[in-house]
$ cat structure.tsv   # TSV, C-alpha atoms
chain	number	residue	atom	x	y	z
A	1	MET	CA	103.21	55.11	154.21
A	2	PHE	CA	100.99	55.98	157.15
A	3	ARG	CA	99.56	53.03	159.04
A	4	GLY	CA	98.44	52.31	162.58
A	5	ARG	CA	96.42	54.11	165.25
A	6	TYR	CA	97.86	56.31	167.96
A	7	GLU	CA	96.21	58.09	170.88
A	8	HIS	CA	97.41	61.49	172.03
A	9	THR	CA	96.14	64.39	174.10
A	10	ILE	CA	95.52	67.86	172.73
A	11	ASP	CA	96.55	70.72	175.01
A	12	THR	CA	94.53	73.83	175.86
A	13	LYS	CA	96.28	75.80	173.11
A	14	GLY	CA	95.26	73.26	170.47
A	15	ARG	CA	98.65	71.61	170.11
A	16	VAL	CA	98.94	67.87	169.75
A	17	SER	CA	101.97	65.64	169.27
A	18	LEU	CA	102.12	63.97	165.92
A	19	PRO	CA	102.95	60.28	166.40
A	20	ALA	CA	106.70	59.69	166.13
A	21	LYS	CA	106.21	57.08	163.41
A	22	PHE	CA	104.27	59.60	161.29
A	23	ARG	CA	106.92	62.29	161.86
A	24	GLU	CA	109.55	59.81	160.69
A	25	ILE	CA	107.60	59.10	157.49
A	26	LEU	CA	107.12	62.82	156.86
A	27	SER	CA	110.80	63.60	157.31
A	28	THR	CA	111.90	60.64	155.17
A	29	HIS	CA	109.41	60.86	152.30
A	30	TYR	CA	107.97	64.38	152.43
A	31	ASP	CA	108.94	67.84	153.61
A	32	GLU	CA	107.31	67.82	157.07
A	33	ARG	CA	104.51	70.20	156.07
A	34	LEU	CA	100.91	69.12	156.55
A	35	VAL	CA	97.68	70.55	155.23
A	36	VAL	CA	94.81	69.75	157.58
A	37	THR	CA	91.18	70.09	156.57
A	38	THR	CA	87.70	68.88	157.40
A	39	ASN	CA	86.33	65.57	156.21
A	40	PHE	CA	82.91	64.07	155.54
A	41	ASP	CA	82.79	62.21	158.86
A	42	HIS	CA	83.36	65.13	161.27
A	43	ASN	CA	87.02	64.33	161.66
A	44	LEU	CA	90.09	65.96	160.19
A	45	ILE	CA	92.36	64.71	157.46
A	46	ALA	CA	96.02	65.67	157.25
A	47	TYR	CA	97.78	65.59	153.90
A	48	PRO	CA	101.54	65.76	153.46
A	49	PHE	CA	102.02	68.87	151.35
A	50	PRO	CA	102.87	67.00	148.10
A	51	GLU	CA	99.73	64.83	148.49
A	52	TRP	CA	97.67	67.99	149.03
A	53	GLN	CA	99.11	69.47	145.86
A	54	LYS	CA	98.02	66.36	143.92
A	55	LEU	CA	94.48	66.77	145.26
A	56	GLU	CA	94.41	70.48	144.39
A	57	GLN	CA	95.63	69.65	140.88
A	58	LYS	CA	92.77	67.18	140.41
A	59	ILE	CA	90.22	69.65	141.75
A	60	SER	CA	91.48	72.46	139.56
A	61	GLY	CA	90.83	70.23	136.54
A	62	LEU	CA	87.15	69.82	137.41
A	63	SER	CA	84.41	72.02	136.03
A	64	GLN	CA	84.32	75.26	138.00
A	65	LEU	CA	80.62	75.56	137.16
A	66	ASN	CA	79.60	72.19	138.63
A	67	PRO	CA	77.57	72.88	141.81
A	68	ASN	CA	79.05	69.84	143.58
A	69	VAL	CA	82.59	70.98	142.86
A	70	ILE	CA	81.73	74.40	144.25
A	71	LYS	CA	80.21	72.85	147.39
A	72	TYR	CA	83.24	70.60	147.84
A	73	LYS	CA	85.56	73.58	147.64
A	74	ARG	CA	83.45	75.55	150.12
A	75	LEU	CA	83.28	72.68	152.58
A	76	PHE	CA	86.79	71.29	152.41
A	77	ILE	CA	89.22	73.46	150.49
A	78	SER	CA	88.22	76.70	152.21
A	79	GLY	CA	88.80	75.13	155.63
A	80	ALA	CA	92.26	73.81	154.83
A	81	CYS	CA	95.14	75.05	156.97
A	82	GLU	CA	98.86	74.46	156.63
A	83	CYS	CA	100.10	73.13	159.96
A	84	SER	CA	103.82	73.01	160.60
A	85	ILE	CA	105.46	70.62	163.02
A	86	ASP	CA	107.18	72.49	165.85
A	87	GLY	CA	110.47	71.56	167.49
A	88	ASN	CA	108.63	69.32	169.96
A	89	GLY	CA	106.89	67.32	167.24
A	90	ARG	CA	103.52	69.01	167.70
A	91	ILE	CA	101.07	70.57	165.30
A	92	LEU	CA	98.76	73.45	166.19
A	93	LEU	CA	95.20	72.79	165.09
A	94	PRO	CA	93.18	76.01	164.61
A	95	PRO	CA	90.00	76.43	166.68
A	96	THR	CA	87.72	76.14	163.62
A	97	LEU	CA	89.15	72.71	162.79
A	98	ARG	CA	89.07	71.55	166.42
A	99	ASP	CA	85.44	72.64	166.73
A	100	TYR	CA	84.42	70.89	163.52
A	101	ALA	CA	85.98	67.59	164.63
A	102	GLY	CA	84.93	67.91	168.27
A	103	LEU	CA	88.54	67.76	169.45
A	104	ALA	CA	88.71	68.66	173.11
A	105	ARG	CA	91.21	66.35	174.81
A	106	ASP	CA	91.69	62.76	173.64
A	107	VAL	CA	92.67	62.40	169.98
A	108	VAL	CA	93.23	59.39	167.73
A	109	PHE	CA	95.55	59.55	164.73
A	110	ALA	CA	94.74	56.89	162.13
A	111	GLY	CA	97.13	56.16	159.28
A	112	MET	CA	95.32	56.01	155.94
A	113	VAL	CA	98.23	55.13	153.60
A	114	ASN	CA	98.97	58.58	152.12
A	115	THR	CA	96.98	60.70	154.59
A	116	ILE	CA	96.32	60.80	158.32
A	117	GLU	CA	92.89	61.06	159.92
A	118	ILE	CA	92.55	62.93	163.21
A	119	TRP	CA	89.55	62.00	165.35
A	120	ALA	CA	88.07	62.85	168.71
A	121	LYS	CA	88.53	59.57	170.58
A	122	ASP	CA	84.83	59.06	171.29
A	123	ARG	CA	83.89	59.63	167.64
A	124	TRP	CA	86.69	57.30	166.52
A	125	GLU	CA	85.45	54.51	168.78
A	126	LYS	CA	81.95	54.76	167.30
A	127	GLU	CA	83.27	54.89	163.73
A	128	PHE	CA	85.62	51.95	164.30
A	129	GLU	CA	82.83	49.86	165.81
A	130	SER	CA	80.59	50.69	162.86
A	131	ALA	CA	83.34	49.65	160.42
A	132	ARG	CA	83.92	46.44	162.34
A	133	SER	CA	80.21	45.55	162.29
A	134	ASP	CA	80.17	46.10	158.49
A	135	ALA	CA	83.36	44.09	157.89
A	136	HIS	CA	81.75	41.40	155.72
A	137	GLU	CA	80.09	43.98	153.46
A	138	VAL	CA	83.33	45.92	153.20
A	139	ALA	CA	85.24	42.76	152.31
A	140	ALA	CA	82.74	41.93	149.56
A	141	ALA	CA	82.93	45.47	148.14
A	142	LEU	CA	86.74	45.36	148.15
A	143	ALA	CA	86.69	41.98	146.40
A	144	ASP	CA	84.55	43.57	143.69
A	145	LEU	CA	87.24	46.23	143.30
A	146	GLY	CA	89.88	43.54	142.80
A	147	LEU	CA	91.49	43.66	146.23

$ encode --input "structure.tsv" --output "structure tokens"
Amino acid sequence: MFRGRYEHTIDTKGRVSLPAKFREILSTHYDERLVVTTNFDHNLIAYPFPEWQKLEQKISGLSQLNPNVIKYKRLFISGACECSIDGNGRILLPPTLRDYAGLARDVVFAGMVNTIEIWAKDRWEKEFESARSDAHEVAAALADLGL
């Protein structure tokens, strides 16, 4: 499973090296295809293809007339892009996804168990600090969930 944080640099063509540890997990447990899409926090989320298929299956079972389902599809499903890993271990992130997440140079990959978040480093630092300052509240909420 994906865990840890890794910093990388995106090049001018929008290519960024996927952390070696994540590539190893993809090649061992998945088929090395990623679907990358937008997320609620102005970052990107990368799904191994089988995990993406599970999400699509769940979404297809929801009411197609529910306005929130429609909005979700417009915001996140329509922006999804299959990103292959090249021979150098890089993925090419399309301009629309880079713009949405504010990815210009410094990138942080954060392992999220079965997905990978991709952040602009400055946005990640703010988000991480916010999470750290809310740690006691998060711990209490997780305890309520049985963790």

$ closest_residue --input "structure.tsv" --among "A:Thr12, A:Ser17, A:Ser27, A:Thr96" --to "Leu44 (chain A)" --atoms "all atoms listed in the file"
A:Thr96

$ closest_residue --input "structure.tsv" --among "A:His8, A:Lys126, A:Lys54, A:Lys73" --to "Arg105 (chain A)" --atoms "all atoms listed in the file"
A:His8

$ atom_distance --input "structure.tsv" --atom1 "CA of Phe76 (chain A)" --atom2 "CA of Ile45 (chain A)"
10.0 Å

$ residues_around --input "structure.tsv" --residues "Asp11 (chain A)" --least-positions-apart "3" --cutoff "12 Å" --atoms "only C-alpha atoms" --output "list of chain:residue names"
A:His8, A:Gly14, A:Arg15, A:Val16, A:Ser17, A:Arg90, A:Ile91, A:Leu92, A:Leu93, A:Arg98, A:Leu103, A:Ala104, A:Arg105, A:Asp106, A:Val107

$ write_last_selection --input "structure.tsv" --atoms "C-alpha atoms" --output "compact mmCIF listing (two decimals), keeping the file's coordinate frame"
# COMPACT_ATOMS: atom_id res chain seq x y z
CA HIS A 8 97.41 61.49 172.03
CA GLY A 14 95.26 73.26 170.47
CA ARG A 15 98.65 71.61 170.11
CA VAL A 16 98.94 67.87 169.75
CA SER A 17 101.97 65.64 169.27
CA ARG A 90 103.52 69.01 167.70
CA ILE A 91 101.07 70.57 165.30
CA LEU A 92 98.76 73.45 166.19
CA LEU A 93 95.20 72.79 165.09
CA ARG A 98 89.07 71.55 166.42
CA LEU A 103 88.54 67.76 169.45
CA ALA A 104 88.71 68.66 173.11
CA ARG A 105 91.21 66.35 174.81
CA ASP A 106 91.69 62.76 173.64
CA VAL A 107 92.67 62.40 169.98

$ closest_residue --input "structure.tsv" --among "A:Leu97, A:Val108, A:Ala20, A:Leu142" --to "Leu75 (chain A)" --atoms "all atoms listed in the file"
A:Leu97

$ atom_distance --input "structure.tsv" --atom1 "CA of Tyr30 (chain A)" --atom2 "CA of Glu7 (chain A)"
22.8 Å

$ decode --input "structure.tsv" --residues "region 14-84 of chain A" --atoms "C-alpha atoms" --output "PDB file, in the first residue's frame"
ATOM      1  CA  GLY A  14       4.644  18.359 -17.267  1.00  0.00           C
ATOM      2  CA  ARG A  15       6.513  15.136 -16.551  1.00  0.00           C
ATOM      3  CA  VAL A  16       7.318  14.125 -13.011  1.00  0.00           C
ATOM      4  CA  SER A  17       9.044  11.045 -11.631  1.00  0.00           C
ATOM      5  CA  LEU A  18       6.796   8.790  -9.653  1.00  0.00           C
ATOM      6  CA  PRO A  19       8.552   7.818  -6.410  1.00  0.00           C
ATOM      7  CA  ALA A  20      10.410   4.521  -6.814  1.00  0.00           C
ATOM      8  CA  LYS A  21       8.582   2.996  -3.848  1.00  0.00           C
ATOM      9  CA  PHE A  22       5.217   3.784  -5.463  1.00  0.00           C
ATOM     10  CA  ARG A  23       6.366   2.355  -8.817  1.00  0.00           C
ATOM     11  CA  GLU A  24       7.386  -0.822  -7.008  1.00  0.00           C
ATOM     12  CA  ILE A  25       3.944  -1.134  -5.401  1.00  0.00           C
ATOM     13  CA  LEU A  26       2.231  -0.519  -8.746  1.00  0.00           C
ATOM     14  CA  SER A  27       4.300  -3.144 -10.527  1.00  0.00           C
ATOM     15  CA  THR A  28       3.860  -5.697  -7.730  1.00  0.00           C
ATOM     16  CA  HIS A  29       0.173  -5.237  -6.904  1.00  0.00           C
ATOM     17  CA  TYR A  30      -1.353  -3.451  -9.895  1.00  0.00           C
ATOM     18  CA  ASP A  31      -0.763  -3.046 -13.617  1.00  0.00           C
ATOM     19  CA  GLU A  32       1.242   0.215 -13.597  1.00  0.00           C
ATOM     20  CA  ARG A  33      -1.619   2.300 -14.996  1.00  0.00           C
ATOM     21  CA  LEU A  34      -2.799   5.337 -13.060  1.00  0.00           C
ATOM     22  CA  VAL A  35      -5.906   7.448 -13.394  1.00  0.00           C
ATOM     23  CA  VAL A  36      -5.254  10.976 -12.159  1.00  0.00           C
ATOM     24  CA  THR A  37      -8.033  13.422 -11.385  1.00  0.00           C
ATOM     25  CA  THR A  38      -8.845  16.533  -9.409  1.00  0.00           C
ATOM     26  CA  ASN A  39      -9.686  16.472  -5.724  1.00  0.00           C
ATOM     27  CA  PHE A  40     -11.618  18.663  -3.291  1.00  0.00           C
ATOM     28  CA  ASP A  41      -8.485  20.327  -1.910  1.00  0.00           C
ATOM     29  CA  HIS A  42      -6.953  21.658  -5.154  1.00  0.00           C
ATOM     30  CA  ASN A  43      -4.556  18.775  -5.420  1.00  0.00           C
ATOM     31  CA  LEU A  44      -4.589  15.697  -7.613  1.00  0.00           C
ATOM     32  CA  ILE A  45      -5.343  12.132  -6.678  1.00  0.00           C
ATOM     33  CA  ALA A  46      -3.873   9.180  -8.547  1.00  0.00           C
ATOM     34  CA  TYR A  47      -5.698   5.862  -8.517  1.00  0.00           C
ATOM     35  CA  PRO A  48      -4.161   2.581  -9.627  1.00  0.00           C
ATOM     36  CA  PHE A  49      -6.434   1.484 -12.463  1.00  0.00           C
ATOM     37  CA  PRO A  50      -8.185  -1.315 -10.486  1.00  0.00           C
ATOM     38  CA  GLU A  51      -8.932   1.135  -7.627  1.00  0.00           C
ATOM     39  CA  TRP A  52     -10.350   3.598 -10.158  1.00  0.00           C
ATOM     40  CA  GLN A  53     -12.575   0.883 -11.561  1.00  0.00           C
ATOM     41  CA  LYS A  54     -13.942   0.205  -8.050  1.00  0.00           C
ATOM     42  CA  LEU A  55     -14.764   3.900  -7.669  1.00  0.00           C
ATOM     43  CA  GLU A  56     -16.459   4.045 -11.079  1.00  0.00           C
ATOM     44  CA  GLN A  57     -18.492   0.957 -10.173  1.00  0.00           C
ATOM     45  CA  LYS A  58     -19.730   2.649  -6.992  1.00  0.00           C
ATOM     46  CA  ILE A  59     -20.563   5.858  -8.833  1.00  0.00           C
ATOM     47  CA  SER A  60     -22.425   4.033 -11.578  1.00  0.00           C
ATOM     48  CA  GLY A  61     -24.670   2.533  -8.894  1.00  0.00           C
ATOM     49  CA  LEU A  62     -25.747   5.950  -7.627  1.00  0.00           C
ATOM     50  CA  SER A  63     -28.840   7.751  -8.824  1.00  0.00           C
ATOM     51  CA  GLN A  64     -28.089   9.426 -12.140  1.00  0.00           C
ATOM     52  CA  LEU A  65     -30.758  12.022 -11.329  1.00  0.00           C
ATOM     53  CA  ASN A  66     -29.230  13.154  -8.024  1.00  0.00           C
ATOM     54  CA  PRO A  67     -27.844  16.693  -8.543  1.00  0.00           C
ATOM     55  CA  ASN A  68     -24.859  16.009  -6.263  1.00  0.00           C
ATOM     56  CA  VAL A  69     -23.922  12.894  -8.208  1.00  0.00           C
ATOM     57  CA  ILE A  70     -24.085  14.898 -11.421  1.00  0.00           C
ATOM     58  CA  LYS A  71     -21.904  17.655  -9.926  1.00  0.00           C
ATOM     59  CA  TYR A  72     -19.405  15.088  -8.650  1.00  0.00           C
ATOM     60  CA  LYS A  73     -19.127  13.546 -12.092  1.00  0.00           C
ATOM     61  CA  ARG A  74     -18.680  16.953 -13.718  1.00  0.00           C
ATOM     62  CA  LEU A  75     -16.029  18.026 -11.243  1.00  0.00           C
ATOM     63  CA  PHE A  76     -14.008  14.863 -10.834  1.00  0.00           C
ATOM     64  CA  ILE A  77     -14.882  12.143 -13.310  1.00  0.00           C
ATOM     65  CA  SER A  78     -14.805  14.416 -16.355  1.00  0.00           C
ATOM     66  CA  GLY A  79     -11.310  15.612 -15.441  1.00  0.00           C
ATOM     67  CA  ALA A  80      -9.844  12.144 -15.016  1.00  0.00           C
ATOM     68  CA  CYS A  81      -6.927  11.180 -17.234  1.00  0.00           C
ATOM     69  CA  GLU A  82      -5.145   7.869 -17.621  1.00  0.00           C
ATOM     70  CA  CYS A  83      -1.441   8.513 -17.103  1.00  0.00           C
ATOM     71  CA  SER A  84       1.026   5.828 -18.070  1.00  0.00           C
TER      72      SER A  84
END
